[in-house]
Each structure stands twice: as C-alpha cells, then as structure tokens.
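Working notes, beginning with the structure itself.
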Amino acid sequence: MTNLTPRTPNRPLIWPDVILTLSDWLLDQDDTTAVHVVGGAVRDAYLGYPLKDIDLVVSVGAIKMARRIADTLGGDVYIMDAEREVARVILETPTGKLNIDVAGYRAPDLLGDLTDRDFTVNAIAVDLRGDTSKLIDPLDGETDLKGKLIRRCSPTSMSHDPIRTLRAVRQSIQLNARIEPVTLKDIKTHASALKNASAERIRDEFFKLLSGAKPWAALRVAGQLGLMTSILPQTAALPHKMWTQALTAVEQASRIFNTISPARTDNTAAAFGLGALVVGIDRFRRPLQNHLNAQWPNDRPHHALLILAVLLHYTTSAHALDGRLMAENIAESLRLSNPERARLEALLTVTPNPVTHLDMPLDVLAQHRYWHKLGEAGVDGVLLALAEYLAGVGVQIQQATWIRIIERARILLDAFYERKDTVVEPPALLDGHQLMKALKLQPGPIIRELLDMLREQQVMGLIFTRDEAISAARAYISRLN
C-alpha cells in the first residue's frame with residue numbers, strides 16, 4: 001500500500017492543544033510549505049498516550065520553520081544539525097518540557113521519508129495544513145498498531161540503522177506487541193552491527209529501554225537476540241542462572257519503584273512483600289519519589305541508572321570484578337557523565353549492605369558511617385538491597401526476616417530524611433583551621449582523622465560544645481603519643 005491520501009482512522013486521534021494551535025497557525029500563513037507530524041507522536045495520538053516529544057517533517061526550510069514555530073509558541077530553538085536542516089523547539093508547558101523536532105524529508109518526498117523509517121507503526125503522518133483527524137498511512141501502520149505488531153518498513157531498515165534492532169525490542173515491550181517473524185530475523189542478522197553505532201546513540205536507546213515499564217522483559221528479549229553483547233559485553237557473558245537472577249532483581253527493583261511512585265494502585269501493594277514495604281517506609285514516599293525522578297544529563301532518568309547498577313552488581317559478583325573498575329569501564333563505554341560514574345562506583349562498592357546483613361550493627365554510629373560514606377547514593381543502596389533480597393528468596397519470603405530488613409531500611413531512611421542534622425551531617429563544632437590553632441597542629445592527615453573522630457563523638461552524643469571538642473581532640477592526641 002503506497003496511498004498518501006488522508007483517511008479517517010478506526011479510532012479518533014487525541015491531540016494536545018499545541019498540535020491544534022500549530023495547525024490553526026499554519027492554516028493562517030500564506031506559504032505552502034508542507035508540514036506533517038510523523039512517527040511516535042502520531043502513534044501515541046492514535047493510542048491515546050500523552051505526547052512527550054513531537055517530530056515534524058517539512059518539505060523545505062526546516063530550521064526557518066522551527067524558528068517561526070518557536071516565536072509563535074514562545075519556545076527556544078536549538079540547531080541540532082545545520083547541514084541536514086534539523087532543529088529542536090523546546091517548550092515549557094504545564095505538564096513539563098516538550099520537544100518539537102523539525103527536519104526536512106529524509107527522501108525526495110513524504111512517501112520516501114515514511115518508507116525510510118524504522119517500523120510501520122512509526123511511519124504514519126498527519127498533515128498540519130490539512131485535516132488533523134485523518135492519517136496518511138502508506139505502509140498500513142494502523143493495522144499493525146491494532147494487531148500489536150512491530151514490522152520493519154523496508155528490507156533495509158535494520159542494515160541502514162542497526163540502532164533499530166534495540167529500538168524494536170524497546171517498542172515491542174512498550175506497546176505490548178510482538179515482533180513479526182521477518183523483522184525478528186533481520187534483528188538477529190544485524191545484532192552484531194549494533195556495536196558500530198555511536199556510543200551516545202546506544203546509550204540513549206538503552207536508557208530508554210531501562211526506564212520503560214518492564215525493563216526486565218526488554219532485557220530478556222535483548223539478551224535472547226544477541227544485542228546485549230554490543231551494549232554490555234560483561235553482562236552478556238553472565239552464566240544463565242546468574243543472568244536470570246539479575247533480571248529477577250531488575251523486576252523486583254522496578255516493582256519497588258512503582259510502589260513508591262504516584263502511579264501505585266491498591267493492587268500494586270496487595271502481595272505481602274510489597275504490602276509490608278508500604279507499611280514500613282511509606283512515610284518517606286514523597287522524598288523517595290523526588291529521588292527516583294531526578295535526571296542526569298540529557299534527561300536520563302535516575303531510576304534507569306539504578307537498573308543498570310543492578311545488572312552490574314550481579315556482573316561484578318559473578319566474575320569477581322572490582323566494582324570501581326567496572327563503573328569506570330561502563331561509564332566510558334556508554335559515555336556517562338562523571339557524576340553518573342561516581343554513583344555507579346558507590347553502588348558497586350557497598351559491601352556488605354547493612355540493610356540485608358542482619359548481623360551488622362545498626363546503632364547511631366553505624367547509621368552515620370553508612371551515610372557519611374555514601375551520601376545520597378545511600379538511598380539507592382537501601383532500595384537496591386531490598387530488591388536483591390526479594391530476588392534471592394523468590395516466593396519463599398520469610399516474613400519475620402523480611403520485616404526485620406524493612407525495619408533496618410526504615411531506620412536508615414529515617415536517619416537521612418528526618419535526623420540528618422544529628423546523625424548524617426551534624427553541624428561541625430570545629431573546622432580544620434580552628435582545630436590546628438587550638439592545639440597548635442600542623443596540616444596533615446591527623447587533622448582529617450581528628451575531625452572524623454569529633455564528628456562521630458558528636459553523633460553519639462558524647463560532645464556538644466566547642467570546648468568539649470577541643471578537649472576530646474587533645475585527649476585523642478595524647479593517646480596516640
């Protein structure tokens with residue numbers, strides 16, 4: 001089917017106001033530049049999903065059109081590729097940031113542009129200068145949407161851009177769709193070519209997969225198709241049993257994140273494991289939501305980084321690898337930022353974790369030392385310890401043990417969120433300069449040692465004033481001598 005005639009779909013398209021505003025504005029203009037919404041935005045409008053990004057294609061002058069759209073809607077313009085005429089309009093809306101990417105046709109005409117896309121469900125267009133309730137669907141993507149099928153647009157779809165092999169997996173999970181057999185065969189054929197894509201593109205597509213609703217399912221499929229070898233070769237080499245356990249831990253982490261999220265339903269916490277967790281730590285739900293919803297550079301969600309940390313934890317354990325070195329290698333291969341690398345490093349070196357090691361002390365000094373070492377990464381350490389415990393026991397949860405673990409998690413979170421000034425970061429009674437002046441000391445490692453000692457004594461309630469701190473430091477030095 002190569003018919004470009006707009007037709008009424010089997011269900012109405014649900015457009016946000018920005019699309020309708022753009023359409024009205026374009027219809028009032030004198031020029032005849034063709035402007036179409038394409039790709040995922042049309043697919044999501046058909047499915048009734050909220051639009052997070054919008055792709056527009058124009059017949060000519062994409063950058064000029066982007067600037068005009070930004071002026072009309074009150075947004076900013078970022079030129080992504082001047083040579084290929086690709087620009088992004090960035091809008092702040094009541095529901096958050098919205099990106100509108102504007103580009104020229106990938107081919108001489110609209111049909112060529114749509115045929116050159118990845119999958120038929122993304123090769124549907126709507127004319128913004130025409131009837132926005134009708135689809136232009138030359139590859140019959142609507143039928144595949146209704147049939148929940150991921151189908152390539154052409155025999156060269158995968159070879160033209162191997163990143164599509166990974167995108168097919170992500171979108172099949174996202175849309176609860178199956179990959180049609182010929183497309184599946186193409187993915188297997190071109191799986192090894194994925195490593196030839198840029199590290200940045202692999203990273204971005206992989207993080208979208210990790211941040212989806214069912215990352216464990218997507219990772220399982222990616223592993224079966226041989227894609228993980230090009231993304232995380234260390235993880236791809238895991239023994240089957242360890243890989244399965246890692247995926248179970250990813251699933252448990254995702255369920256815990258969902259239990260914390262605003263999307264939680266009554267059914268989410270119906271099972272004993274998550275239900276007990278809700279009772280134990282729900283008082284921290286709002287700050288935990290803020291923590292999980294934080295973003296790293298290029299809008300990479302923090303909870304996706306935690307899923308990556310789960311995979312790497314099992315990898316380091318299986319191969320007896322150094323967690324710090326693993327974090328450095330993965331951060332380099334995926335072009336992660338230095339703060340992301342530092343967070344991975346912290347999480348891969350939390351051994352043993354006091355949440356699940358019930359024989360470890362958890363008095364106020366142990367709480368302080370945990371948070372002093374990890375800082376905000378300690379929140380991640382608590383959540384991942386809970387997930388890995390559930391992954392390890394499966395359905396055989398020992399209720400008494402699980403409740404003790406949750407209580408230890410509650411104690412640590414309470415220290416971080418509600419007793420920070422007394423347990424985590426008590427206001428210093430002395431700084432290094434004051435300490436050197438009071439005791440006539442020279443700079444050196446002993447100053448840091450003394451400050452650590454004083455902070456810990458302060459946490460334990462043994463000193464309260466500047467004079468007591470000086471006396472405690474003097475006594476400590478006397479014992480050393």
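To be explicit about the labels: the chains of the structure tokens are called A, B, and onward in the order shown, and within each one the residues are counted from 1, while ligands get numbers from 1 in the order they are shown.
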Please report as a Markdown table every residue of segment 240-332 of chain A lying within 9 Å of segment 411-419 of chain A, along with the nearest atom pair and their distance in Å (one decimal), using only C-alpha atoms.
```
| residue | atom | partner | partner_atom | distance |
| --- | --- | --- | --- | --- |
| A:Ile281 | CA | A:Leu413 | CA | 8.1 |
| A:Phe284 | CA | A:Leu413 | CA | 7.5 |
| A:Pro287 | CA | A:Tyr417 | CA | 8.0 |
```
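Taking the backbone of this structure through DSSP, the residues of segment 142-361 of chain A that come out as strand (DSSP E) are Leu149, Ile150, Arg178, Ile179, Gln295, Trp296, Arg300 and Pro301 of chain A.
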Selection to disk with C-alpha atoms, as a PDB file, in the first residue's frame:
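In the end it all went to part27.pdb:
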```
ATOM      1  CA  LEU A 149       2.856  -5.968  15.645  1.00  0.00           C
ATOM      2  CA  ILE A 150       6.318  -4.461  15.154  1.00  0.00           C
ATOM      3  CA  ARG A 178       5.237  -8.928  19.166  1.00  0.00           C
ATOM      4  CA  ILE A 179       7.952  -8.562  16.556  1.00  0.00           C
ATOM      5  CA  GLN A 295      17.515  13.292  35.992  1.00  0.00           C
ATOM      6  CA  TRP A 296      21.084  13.070  34.782  1.00  0.00           C
ATOM      7  CA  ARG A 300      18.452  10.283  31.585  1.00  0.00           C
ATOM      8  CA  PRO A 301      16.193   9.240  34.494  1.00  0.00           C
TER       9      PRO A 301
END
```
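Using only C-alpha atoms, the shortest contact distance between Ile477 of chain A and any of A:Val126, A:Ile463, A:Ile446, A:Leu114 is found at A:Ile446.
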Checklist outcome for this item: Here atom CA of Pro426 of chain A and atom CA of Ala366 of chain A stand apart by 14.7 Å
Residue neighbourhood segment 464-473 of chain A, 8 Å, only C-alpha atoms, exclusion window fewer than 4 positions, as a compact mmCIF listing (two decimals) with C-alpha atoms, in the first residue's frame:
```txt
# COMPACT_ATOMS: atom_id res chain seq x y z
CA LEU A 429 31.85 22.20 66.28
CA LEU A 430 35.30 22.99 64.85
CA LEU A 435 41.48 22.80 65.38
CA ALA A 438 43.61 25.49 69.30
CA LEU A 439 46.04 22.56 69.50
CA LEU A 450 40.59 14.29 64.34
CA LEU A 454 34.96 14.54 66.67
CA GLN A 458 29.13 14.33 68.31
CA ILE A 477 46.34 13.04 70.52
```
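Ranking A:Gly104, A:Arg129, A:Leu175, A:Val355 by their shortest atom-to-atom distance to Asp30 of chain A, with only C-alpha atoms included, puts A:Arg129 first.
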Checklist entry - Can you list, as a PyMOL selection string, every protein, DNA or RNA residue that comes within 8 Å of Ala62 of chain A when you count only C-alpha atoms, leaving out same-chain residues fewer than 3 positions away? => result chain A and resi 57-59+65-66+85-87+102-104
Next, write the just-selected residues to a file, as a PDB file, in the first residue's frame, keeping N, CA and C atoms as the atom set.
```pdb
ATOM      1  N   VAL A  57       8.070  16.922   9.965  1.00  0.00           N
ATOM      2  CA  VAL A  57       8.872  16.980   8.743  1.00  0.00           C
ATOM      3  C   VAL A  57       8.276  18.046   7.838  1.00  0.00           C
ATOM      4  N   VAL A  58       9.163  18.766   7.160  1.00  0.00           N
ATOM      5  CA  VAL A  58       8.722  19.840   6.266  1.00  0.00           C
ATOM      6  C   VAL A  58       9.364  19.629   4.907  1.00  0.00           C
ATOM      7  N   SER A  59       8.714  20.147   3.891  1.00  0.00           N
ATOM      8  CA  SER A  59       9.213  19.948   2.528  1.00  0.00           C
ATOM      9  C   SER A  59      10.437  20.791   2.235  1.00  0.00           C
ATOM     10  N   MET A  65      11.490  27.115   9.663  1.00  0.00           N
ATOM     11  CA  MET A  65      10.178  26.769  10.210  1.00  0.00           C
ATOM     12  C   MET A  65      10.261  26.601  11.735  1.00  0.00           C
ATOM     13  N   ALA A  66      11.334  25.994  12.225  1.00  0.00           N
ATOM     14  CA  ALA A  66      11.498  25.807  13.668  1.00  0.00           C
ATOM     15  C   ALA A  66      11.531  27.152  14.383  1.00  0.00           C
ATOM     16  N   GLU A  85      19.666  20.304   8.171  1.00  0.00           N
ATOM     17  CA  GLU A  85      18.440  21.047   8.452  1.00  0.00           C
ATOM     18  C   GLU A  85      17.577  20.333   9.505  1.00  0.00           C
ATOM     19  N   VAL A  86      18.116  20.234  10.726  1.00  0.00           N
ATOM     20  CA  VAL A  86      17.369  19.643  11.838  1.00  0.00           C
ATOM     21  C   VAL A  86      17.463  20.593  13.021  1.00  0.00           C
ATOM     22  N   ALA A  87      16.324  20.958  13.577  1.00  0.00           N
ATOM     23  CA  ALA A  87      16.297  21.876  14.716  1.00  0.00           C
ATOM     24  C   ALA A  87      15.276  21.396  15.739  1.00  0.00           C
ATOM     25  N   VAL A 102      12.089  19.477  14.272  1.00  0.00           N
ATOM     26  CA  VAL A 102      11.682  19.845  12.918  1.00  0.00           C
ATOM     27  C   VAL A 102      12.816  19.473  11.960  1.00  0.00           C
ATOM     28  N   ALA A 103      12.489  18.713  10.927  1.00  0.00           N
ATOM     29  CA  ALA A 103      13.508  18.252   9.985  1.00  0.00           C
ATOM     30  C   ALA A 103      12.939  18.246   8.573  1.00  0.00           C
ATOM     31  N   GLY A 104      13.837  18.247   7.600  1.00  0.00           N
ATOM     32  CA  GLY A 104      13.409  18.080   6.219  1.00  0.00           C
ATOM     33  C   GLY A 104      13.138  16.612   5.932  1.00  0.00           C
TER      34      GLY A 104
END
```
Near Arg404 of chain A, within 12 Å and counting only C-alpha atoms, which residues show up once chain neighbours fewer than 6 positions away are dropped, as an mmCIF file with N, CA and C atoms, in the first residue's frame?
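Output saved as selection_24.cif:
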```cif
data_model
loop_
_atom_site.group_PDB
_atom_site.id
_atom_site.type_symbol
_atom_site.label_atom_id
_atom_site.label_comp_id
_atom_site.auth_asym_id
_atom_site.auth_seq_id
_atom_site.Cartn_x
_atom_site.Cartn_y
_atom_site.Cartn_z
ATOM 1 N N ALA A 276 4.075 -5.119 52.987
ATOM 2 C CA ALA A 276 4.848 -4.853 54.196
ATOM 3 C C ALA A 276 5.802 -3.682 53.984
ATOM 4 N N LEU A 277 6.339 -3.576 52.779
ATOM 5 C CA LEU A 277 7.247 -2.469 52.480
ATOM 6 C C LEU A 277 6.512 -1.128 52.544
ATOM 7 N N GLY A 280 6.110 -0.145 56.042
ATOM 8 C CA GLY A 280 7.358 0.211 56.698
ATOM 9 C C GLY A 280 7.952 1.540 56.277
ATOM 10 N N PRO A 354 24.238 -3.067 55.063
ATOM 11 C CA PRO A 354 23.660 -3.274 56.391
ATOM 12 C C PRO A 354 22.155 -3.527 56.384
ATOM 13 N N VAL A 355 21.479 -3.218 55.276
ATOM 14 C CA VAL A 355 20.031 -3.468 55.225
ATOM 15 C C VAL A 355 19.742 -4.955 55.308
ATOM 16 N N THR A 356 20.483 -5.742 54.570
ATOM 17 C CA THR A 356 20.194 -7.176 54.487
ATOM 18 C C THR A 356 21.154 -8.040 55.305
ATOM 19 N N HIS A 357 22.243 -7.486 55.782
ATOM 20 C CA HIS A 357 23.150 -8.240 56.654
ATOM 21 C C HIS A 357 22.735 -7.980 58.098
ATOM 22 N N LEU A 358 21.888 -8.863 58.590
ATOM 23 C CA LEU A 358 21.219 -8.609 59.873
ATOM 24 C C LEU A 358 22.157 -8.715 61.062
ATOM 25 N N ASP A 359 23.332 -9.290 60.877
ATOM 26 C CA ASP A 359 24.275 -9.389 61.986
ATOM 27 C C ASP A 359 25.126 -8.134 62.137
ATOM 28 N N LEU A 362 23.523 -1.641 63.707
ATOM 29 C CA LEU A 362 22.840 -0.516 63.071
ATOM 30 C C LEU A 362 22.515 0.547 64.118
ATOM 31 N N LEU A 386 16.885 -4.024 49.097
ATOM 32 C CA LEU A 386 15.542 -4.608 49.224
ATOM 33 C C LEU A 386 15.209 -5.442 47.988
ATOM 34 N N GLN A 398 10.517 -15.207 53.958
ATOM 35 C CA GLN A 398 10.383 -15.463 55.389
ATOM 36 C C GLN A 398 9.903 -14.179 56.041
ATOM 37 N N ARG A 410 13.990 1.235 57.148
ATOM 38 C CA ARG A 410 13.280 2.389 57.726
ATOM 39 C C ARG A 410 14.195 3.208 58.619
ATOM 40 N N ILE A 411 15.011 2.528 59.432
ATOM 41 C CA ILE A 411 15.926 3.231 60.330
ATOM 42 C C ILE A 411 16.916 4.081 59.532
#
```
Item to check | Test item, alpha helix (DSSP H) assignment across segment 331-392 of chain A, answer as an NGL selection string | outcome: :A and (331-333 or 338-347 or 364-374 or 377-392)
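When the distance limit is 10 Å and only C-alpha atoms are what count, the residues near Thr189 of chain A, minus those fewer than 5 positions from it on the same chain, are Met158, Ser159, Thr165, Thr183, Leu184, Leu225 and Gly226 of chain A.
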Restricting it to N, CA and C atoms, dump the selection as a tab-separated table (two decimals), in the first residue's frame.
```
chain	number	residue	atom	x	y	z
A	158	MET	N	16.99	-2.41	9.10
A	158	MET	CA	17.99	-2.72	10.14
A	158	MET	C	19.41	-2.45	9.67
A	159	SER	N	19.72	-2.80	8.44
A	159	SER	CA	21.08	-2.57	7.94
A	159	SER	C	21.36	-1.08	7.80
A	165	THR	N	17.59	-2.22	15.86
A	165	THR	CA	17.45	-3.56	16.44
A	165	THR	C	17.09	-3.45	17.92
A	183	THR	N	10.99	-9.43	10.53
A	183	THR	CA	11.68	-8.37	11.26
A	183	THR	C	12.57	-8.97	12.34
A	184	LEU	N	12.06	-9.99	13.02
A	184	LEU	CA	12.83	-10.66	14.06
A	184	LEU	C	14.10	-11.29	13.47
A	225	LEU	N	18.24	-12.07	21.71
A	225	LEU	CA	18.53	-11.69	20.33
A	225	LEU	C	20.00	-11.36	20.10
A	226	GLY	N	20.81	-11.44	21.15
A	226	GLY	CA	22.24	-11.19	21.00
A	226	GLY	C	22.64	-9.73	21.03
```
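The shortest atom-to-atom distance to Ala217 of chain A, with only C-alpha atoms taken into account, belongs to A:Ala249 out of A:Ala249, A:Ile187, A:Ala199, A:Leu145.
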Could you list, as a PDB file with C-alpha atoms, in the first residue's frame, every residue within 10 Å of Leu344 of chain A, counting only C-alpha atoms and ignoring same-chain residues fewer than 2 positions away?
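Wrote it out as part.pdb, contents follow:
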```
ATOM      1  CA  LEU A 305      20.732   4.244  36.219  1.00  0.00           C
ATOM      2  CA  LEU A 306      19.690   2.141  39.208  1.00  0.00           C
ATOM      3  CA  LEU A 308      21.919  -0.533  35.252  1.00  0.00           C
ATOM      4  CA  ALA A 309      23.532  -0.727  38.701  1.00  0.00           C
ATOM      5  CA  VAL A 310      21.573  -3.918  39.442  1.00  0.00           C
ATOM      6  CA  LEU A 312      26.453  -4.503  37.047  1.00  0.00           C
ATOM      7  CA  HIS A 313      26.254  -5.688  40.648  1.00  0.00           C
ATOM      8  CA  GLY A 323      33.281  -2.579  41.306  1.00  0.00           C
ATOM      9  CA  ARG A 324      35.204   0.669  40.936  1.00  0.00           C
ATOM     10  CA  MET A 326      33.589  -1.824  36.403  1.00  0.00           C
ATOM     11  CA  ALA A 327      31.943   1.554  36.987  1.00  0.00           C
ATOM     12  CA  GLU A 328      34.772   3.321  35.165  1.00  0.00           C
ATOM     13  CA  ILE A 330      30.868   1.123  31.791  1.00  0.00           C
ATOM     14  CA  ALA A 331      30.807   4.896  32.210  1.00  0.00           C
ATOM     15  CA  ASN A 338      31.308  11.823  35.828  1.00  0.00           C
ATOM     16  CA  PRO A 339      28.528  12.103  38.448  1.00  0.00           C
ATOM     17  CA  GLU A 340      26.844   9.015  36.958  1.00  0.00           C
ATOM     18  CA  ARG A 341      30.136   7.162  37.094  1.00  0.00           C
ATOM     19  CA  ALA A 342      30.602   8.186  40.726  1.00  0.00           C
ATOM     20  CA  ALA A 346      29.383   3.984  45.091  1.00  0.00           C
ATOM     21  CA  LEU A 347      26.666   1.398  44.495  1.00  0.00           C
ATOM     22  CA  LEU A 348      29.078  -1.260  43.272  1.00  0.00           C
ATOM     23  CA  THR A 349      31.246  -0.930  46.375  1.00  0.00           C
ATOM     24  CA  ALA A 377      23.767   7.179  46.995  1.00  0.00           C
TER      25      ALA A 377
END
```
